[in-house]
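Shown next, in structure tokens, is the structure this report addresses.
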Amino acid sequence: MKKFAIIATKGTLDWAYPPYILASTAAALGYEVQIFFTFYGLQLVRKDTSGLKVSPLGNPGMPMKMPFGPKWFRDINWNIPNVIQANIPGFESLATALMKQTIANNGVATIPELRELCQEAEVKFLACQMTVELFGFEHSDFIDGLDFVGAASFFEFAGESDICMYM
Amino acid sequence: MNFDKELDASGLNCPLPILRTKKALAELAAGQVLKVIATDPGSVKDMQAFAKQTGNELLSSAEEGGKYQFFMKKK
């Protein structure tokens, strides 16, 4: 059986997708998969995922389009300068709500849904114990089925993997 | 074409059509055929790739009225 190892280090809604999409797909293709969640990546395995947000600030690659209204309106790319984004309270929450609507409109799975599909497919989740302590989290903040380990445990699997990715 | 089970993955996007296909195939016996309907344009290449990597046989792949239709025989 081929092995696929992922290190997930980002804790935003947009960056929650690559590890879960690739892990679930690899599992469907017959790979044995492990994800090591460390630093901000720990946000992806918390029981409550409502804290996952997307920030358009300093992210010139992110299209800013509205997920509702007539086509001409949806096609507008709202090029809002960083200096304005940074000074509007709640701008990230607004951007996150709009992105969640866009995700739903496009038939893209939600993060809790993809995470559950990974667990059903027996993707193994490892969480970095050092960053759990560093950030003041409790084990009870996280979903069941996590192994709290150190880097050495990750290498036990990663060292024998066919594909290893850092995200 | 005759089939034993049908999966409608219309409106779903990557990677859901593949994940649902995998799940539906698990409920079939070897040699049985799964019909899949999808609207994701990426699913055309993805179904081929899935078949190639898992050993299940993609019997046919066709487009009809904006929908994609696949027949896959379980290994």
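Labeling convention for the structure tokens: chains A, B, ... as they appear, residues from 1 per chain, ligands from 1 in order of appearance.
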
Select from range 5-74 of chain B every residue with an atom at most 12 Å from any atom of range 5-28 of chain A, then for each give the shortest pair of atoms and their distance in Å to one decimal, using only C-alpha atoms, rows by chain and rising number, as a Markdown table.
| residue | atom | partner | partner_atom | distance |
| --- | --- | --- | --- | --- |
| B:Asn13 | CA | A:Ile21 | CA | 11.0 |
| B:Cys14 | CA | A:Ile21 | CA | 8.0 |
| B:Pro15 | CA | A:Ile21 | CA | 6.3 |
| B:Leu16 | CA | A:Thr25 | CA | 8.7 |
| B:Pro17 | CA | A:Thr25 | CA | 10.1 |
| B:Ile18 | CA | A:Thr25 | CA | 7.3 |
| B:Leu19 | CA | A:Ala28 | CA | 6.1 |
| B:Arg20 | CA | A:Ala28 | CA | 9.2 |
| B:Thr21 | CA | A:Ala28 | CA | 8.9 |
| B:Lys22 | CA | A:Ala28 | CA | 6.0 |
| B:Lys23 | CA | A:Ala28 | CA | 8.4 |
| B:Ala24 | CA | A:Ala28 | CA | 11.4 |
| B:Leu25 | CA | A:Ala28 | CA | 10.7 |
| B:Ala26 | CA | A:Ala28 | CA | 10.6 |
| B:Asp46 | CA | A:Thr25 | CA | 10.4 |
| B:Met47 | CA | A:Ala28 | CA | 11.8 |
| B:Ala49 | CA | A:Thr25 | CA | 11.3 |
| B:Phe50 | CA | A:Ala28 | CA | 8.4 |
| B:Ala51 | CA | A:Ala28 | CA | 11.0 |
| B:Gln53 | CA | A:Ala28 | CA | 9.9 |
| B:Thr54 | CA | A:Ala28 | CA | 8.6 |

In range 20-107 of chain A, DSSP strand (DSSP E) residues written as a list of chain:residue names: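 So the strand (DSSP E) residues in range 20-107 of chain A would be A:Glu32, A:Val33, A:Gln34, A:Ile35, A:Phe36, A:Phe37.
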
Non-local contacts of Gln69 in chain B (8 Å; only C-alpha atoms; under 2 positions in same chain excluded) as a list in words: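 Answer for this query is Lys35, Val36, Ile37, Ala38, Ser60, Ser61, Ala62, Glu63, Glu64, Lys67 and Phe71 of chain B.
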
Saved selection, atoms kept: C-alpha atoms, as an mmCIF file, in the first residue's frame:
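Final output, saved to again_11.cif:
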data_model
loop_
_atom_site.group_PDB
_atom_site.id
_atom_site.type_symbol
_atom_site.label_atom_id
_atom_site.label_comp_id
_atom_site.auth_asym_id
_atom_site.auth_seq_id
_atom_site.Cartn_x
_atom_site.Cartn_y
_atom_site.Cartn_z
ATOM 1 C CA LYS B 35 -23.599 4.048 -12.859
ATOM 2 C CA VAL B 36 -22.434 7.529 -11.837
ATOM 3 C CA ILE B 37 -23.964 10.844 -12.891
ATOM 4 C CA ALA B 38 -21.938 14.008 -12.281
ATOM 5 C CA SER B 60 -17.834 4.056 -20.535
ATOM 6 C CA SER B 61 -17.769 7.790 -20.116
ATOM 7 C CA ALA B 62 -20.211 10.082 -21.913
ATOM 8 C CA GLU B 63 -21.677 13.564 -21.798
ATOM 9 C CA GLU B 64 -25.358 14.228 -22.259
ATOM 10 C CA LYS B 67 -24.239 15.912 -17.370
ATOM 11 C CA PHE B 71 -20.241 3.133 -15.879
#

Exercise: range 60-75 of chain A partners within 7 Å, only C-alpha atoms, chain neighbours under 3 positions left out, as a PyMOL selection string: chain A and resi 56+78-79+98+101-102

How would the residues just picked look written out with C-alpha atoms as a CSV table (one decimal), in the first residue's frame?
chain,number,residue,atom,x,y,z
A,56,PRO,CA,-8.3,38.8,2.0
A,78,TRP,CA,-14.0,44.1,-5.8
A,79,ASN,CA,-10.5,45.4,-5.6
A,98,LEU,CA,-19.1,35.4,1.6
A,101,GLN,CA,-21.7,31.1,0.6
A,102,THR,CA,-19.5,30.7,-2.5

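With distances taken over only C-alpha atoms, A:Ala104 is the one residue among A:Val33, A:Cys128, A:Ala104, A:Val83 lying closest to chain B.
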